[in-house]
Amino acid sequence: MSASAVSYQPVPGSKKDDAILVVDGIRRAFGGLVAVNVDHVEVPRNKITALIGPNGAGKTTFFNLLTGFDAPDSGTSMFNGRRLDGMAAHKVARLGMVRTFQLTKALSRMSVIENMRLGAAHQKGENIFRGLFAPMWRAQEAEITARAEELLARFNLAHMRDELAGGLSGGQRKLLEMARALMVEPEMVMLDEPMAGVNPALKQSLLEHIKGLRNEGRTVLFVEHDMDMVREISDWIIVMAEGVVIAEGTSDDIGSNQAVIDAYLGAHHDSDLGGS
Amino acid sequence: MKWDLILSNSFYTAISANAVAYILVASGLNVHFGYTGLLNFGQAGFAAIGAYSLSIPISRYDWPWPLAMLLVVVASVVLALLLGIPTLRLRADYLAIVTIAVAEIIRLFMNSVRFTWLTGGNDGLQGFTRFMENINPFPDDGITLWAQKVDGYRLWLLVTGWILVALVSTGIWALMRSPWGRVLKSIREDEDAARSLGKNVFAYKMQSLIIGGFVGALGGMWLVLDKQSSQPQDFSTTFTFFAYTIIILGGIARAKGPVIGTMIFLFVIQFVDITLQQATRTTPTDPTPLLPEWIVDENNFSQVRFIVAGLALAVLVIVRPQGIFGDKREQAFDVR
C-alpha cells in the first residue's frame, strides 16, 4: 500500500536506473577505527530509502560525510552529478540536500515561526546591507511567512506559531525540524532517526509526513532503528555494519538476508528484523 | 551630606560622554555575545584600537581628523579579521582565549617603554582632541545641570555622543530584526542547525565580529576624547568585564539593553562612591565622619563601590535573571 514498486538487484552496491546520490569508495577513520568504508552505494530518486544497522555501524558518520558535516579521508559522492565530498555543509544544503539531526536542533530561544523563516533559501535580507533597510526584504518576508504558516498547519504546529521553540515537546521539535528543513525546498531530505523519542500517536503522523515528501517528488534517506516503521514506509533498505554496506534490498529481501541477521545478532539479540 | 550634589553628579555620570563610551563598547559586545553567541573576552582590545587609531596619527603625525577616523574603521576591521580567521571555524572557547590574549597584547604594547615614541607609553597621548574643540558650538564655561557644572567641551561630546548612540542603537536594532539578524541568532542557538539550512556560518560570524568590533572601537574613541588623553590602563580586561556586566544588567540581545545597563551601572558606582566620600570626610572643624572609621575610612572607600555594584548585580541575577529588558521566557531554555 505504501511502498512504490522497485526492481533493483538486492545486492550491496546495486545499480539504480535513476540514482540521485552515488557514493564511491568513501572512507573515514578516527585514529585506528575505520568508521565508514563504503565501496559503492546508489540512492534512488524519488524513493524512500532507509539506512539501518546495529549501533556503531557508522550510519550517522556516513550521514555527516554526505552532508558536509565531516570530510571523508578518500572517496567521492555525487549528488545530481555534482561532487559533494569535501564541500562545506551549507553549500550541500544549498544544492538541495538538507538534513535533520538525531538530537533535535530546535533553535530554543527563537519562536517557532522564526525557526521556519530561517529555513527559506535566497533571502534578500540575509545580506547585511539589504538587511538594514526593511523595504528591501519585507515583501519576500511576507511570502516566506505565508509558506511557513502553510507548512506549520500541515505539521500540526500552527497553534505554536509564536511560542519559543524551546517550549515544544520532544515530538513537536522533531516535526518542527522536519518542517524547517522543507522551507529550504530540498530535492533530497536526510532524516537522522526521525522517530527517536516520539510517542506512538505522533509516530503515525510522522510516517504520513515522510510519505508525503515522496509524493511531492522528493527523495528521502533516513536512519532508523524502529524496524516496524522502516518496513512500513521504505521502498529500499541499505544495511550497514561496522562501516560497510552489507546488504541492500526491499524489506522482504532484508528480513531473510543471513548477513543482516548475523550482524544484528552479534550486536543486539532482541532486535525484531521483520520478514520471515 | 549634600544630596543635591551627590544625586546630580551621579545622574550626570550616567549620561556623560564617558557613559556614551561604555554604551558603545557594550553595544558592540552585545552584537558579539548577545546576538551571535561569540564569546569575546577582548572587547577592551577593540576599544584600545579605536582610541589609539585616533590619537596616534593626530598627536604624532598631525593627520587630519577625518583620515584618523578612517583609520579607526580600517584598524577595527583588520583586528576583527585577525581574530576571526583562525578561530571562528573552531568552537567558541578558542575565540575566548584568543580575544583575551590579543586584548592584553594590545594594552601591553601601548604601555611598553620601547614604543613610547609612538604610543606615549604609560603617560599616554594627549593633544588629539583639538578638532572636536574647534567645532564645539557651546561656550567654554558650559552649563549647570541641576547642581552639576558641565564644561562646554564635555557638553559638546555628550550631545554628539548621544546622537552617535542613537544612530548605532537604531542600526543594530534594524539589523537584528532583519533576516540577517535572524541568522546571527540561529548561530547563537545552534550553529550546526544554521549550517544544515544552508547558512554560511563562518561569514556571518565574521560580519558580526567586524560590526561589534567597530562599534567597540567607536566606544574607545569616545572614551579618550572625553578624557583628552589615551592611556593603556583604561583598556584592561576589567573594561571588557564591565561591558559584560552592563549587557547582563540591561538585558542580553536587546538593543536598548546596553543603554539602560550602562546608565544603571555607572549611576550605582558613582552614587556609592561619592556618598561614601561625603560620609567618611573629616575636616579640621568637624573631625568625626558620619560613618565610624572602623567600618570604612576615607582611604579605602573607593573599593567599596565595586563591592556594592557586585552585590547589586548578584541581587539582580537572583530576582530578574533576564536583565531589565530581557525576556523571561528565554531564561527557561538557556541550555548553553
# chains A, B, ... in the order shown; residues from 1 in each chain; ligands from 1
$ residues_around --residues "B:Val201" --least-positions-apart "3" --cutoff "9 Å" --atoms "only C-alpha atoms" --output "PyMOL selection string"
(chain A and resi 90) or (chain B and resi 89+183-184+187+191-192+194-195+198+204-206)
$ closest_atom_pairs --of "chain A" --to "chain B" --cutoff "7 Å" --atoms "only C-alpha atoms" --output "JSON lines"
{"residue": "A:Ala89", "atom": "CA", "partner": "B:Arg195", "partner_atom": "CA", "distance": 6.0}
{"residue": "A:His90", "atom": "CA", "partner": "B:Gly198", "partner_atom": "CA", "distance": 3.9}
{"residue": "A:Lys91", "atom": "CA", "partner": "B:Gly198", "partner_atom": "CA", "distance": 6.1}
{"residue": "A:Ala93", "atom": "CA", "partner": "B:Gly198", "partner_atom": "CA", "distance": 4.7}
{"residue": "A:Arg94", "atom": "CA", "partner": "B:Gly198", "partner_atom": "CA", "distance": 5.2}
{"residue": "A:Val98", "atom": "CA", "partner": "B:Ser196", "partner_atom": "CA", "distance": 6.2}
{"residue": "A:Arg99", "atom": "CA", "partner": "B:Ser196", "partner_atom": "CA", "distance": 6.2}
{"residue": "A:Lys105", "atom": "CA", "partner": "B:Ala193", "partner_atom": "CA", "distance": 6.0}
{"residue": "A:Leu107", "atom": "CA", "partner": "B:Glu189", "partner_atom": "CA", "distance": 5.3}
{"residue": "A:Ser108", "atom": "CA", "partner": "B:Phe333", "partner_atom": "CA", "distance": 6.1}
{"residue": "A:Arg109", "atom": "CA", "partner": "B:Glu330", "partner_atom": "CA", "distance": 5.5}
{"residue": "A:Leu118", "atom": "CA", "partner": "B:Arg182", "partner_atom": "CA", "distance": 6.8}
{"residue": "A:Gly119", "atom": "CA", "partner": "B:Leu197", "partner_atom": "CA", "distance": 5.6}
{"residue": "A:Gly125", "atom": "CA", "partner": "B:Pro179", "partner_atom": "CA", "distance": 5.0}
{"residue": "A:Glu126", "atom": "CA", "partner": "B:Trp180", "partner_atom": "CA", "distance": 4.0}
{"residue": "A:Asn127", "atom": "CA", "partner": "B:Trp180", "partner_atom": "CA", "distance": 6.1}
{"residue": "A:Ile128", "atom": "CA", "partner": "B:Trp180", "partner_atom": "CA", "distance": 5.9}
{"residue": "A:Gly131", "atom": "CA", "partner": "B:Ser178", "partner_atom": "CA", "distance": 5.2}
{"residue": "A:Leu132", "atom": "CA", "partner": "B:Leu175", "partner_atom": "CA", "distance": 5.1}
{"residue": "A:Gly166", "atom": "CA", "partner": "B:Phe333", "partner_atom": "CA", "distance": 5.5}
{"residue": "A:Ala181", "atom": "CA", "partner": "B:Leu197", "partner_atom": "CA", "distance": 6.7}
{"residue": "A:Val184", "atom": "CA", "partner": "B:Leu197", "partner_atom": "CA", "distance": 6.7}
$ residues_around --residues "stretch 76-84 of chain B" --least-positions-apart "2" --cutoff "6 Å" --atoms "only C-alpha atoms" --output "ChimeraX atom specification"
/B:73-74,86-88,209-210,214
$ select_by_dssp --residues "stretch 30-223 of chain B" --states "strand (DSSP E)" --output "list in words"
Leu125, Gln126, Ile143, Thr144, Leu145, Gln148, Lys149 and Val150 of chain B
$ write_last_selection --atoms "C-alpha atoms" --output "PDB file, in the first residue's frame"
ATOM      1  CA  LEU B 125      48.963  60.558  24.438  1.00  0.00           C
ATOM      2  CA  GLN B 126      47.377  63.971  24.620  1.00  0.00           C
ATOM      3  CA  ILE B 143      26.080  74.934  31.613  1.00  0.00           C
ATOM      4  CA  THR B 144      24.928  73.778  35.008  1.00  0.00           C
ATOM      5  CA  LEU B 145      22.701  70.717  35.076  1.00  0.00           C
ATOM      6  CA  GLN B 148      26.459  69.712  38.301  1.00  0.00           C
ATOM      7  CA  LYS B 149      28.652  72.003  36.239  1.00  0.00           C
ATOM      8  CA  VAL B 150      29.389  70.708  32.750  1.00  0.00           C
TER       9      VAL B 150
END
$ closest_residue --among "A:Leu207, A:Ala121, A:Val38, A:Val43" --to "A:Val22" --atoms "only C-alpha atoms"
A:Val43
$ residues_around --residues "A:Ser77" --least-positions-apart "4" --cutoff "6 Å" --atoms "only C-alpha atoms" --output "JSON, numbers by chain"
{"A": [22, 23, 83, 84, 85]}
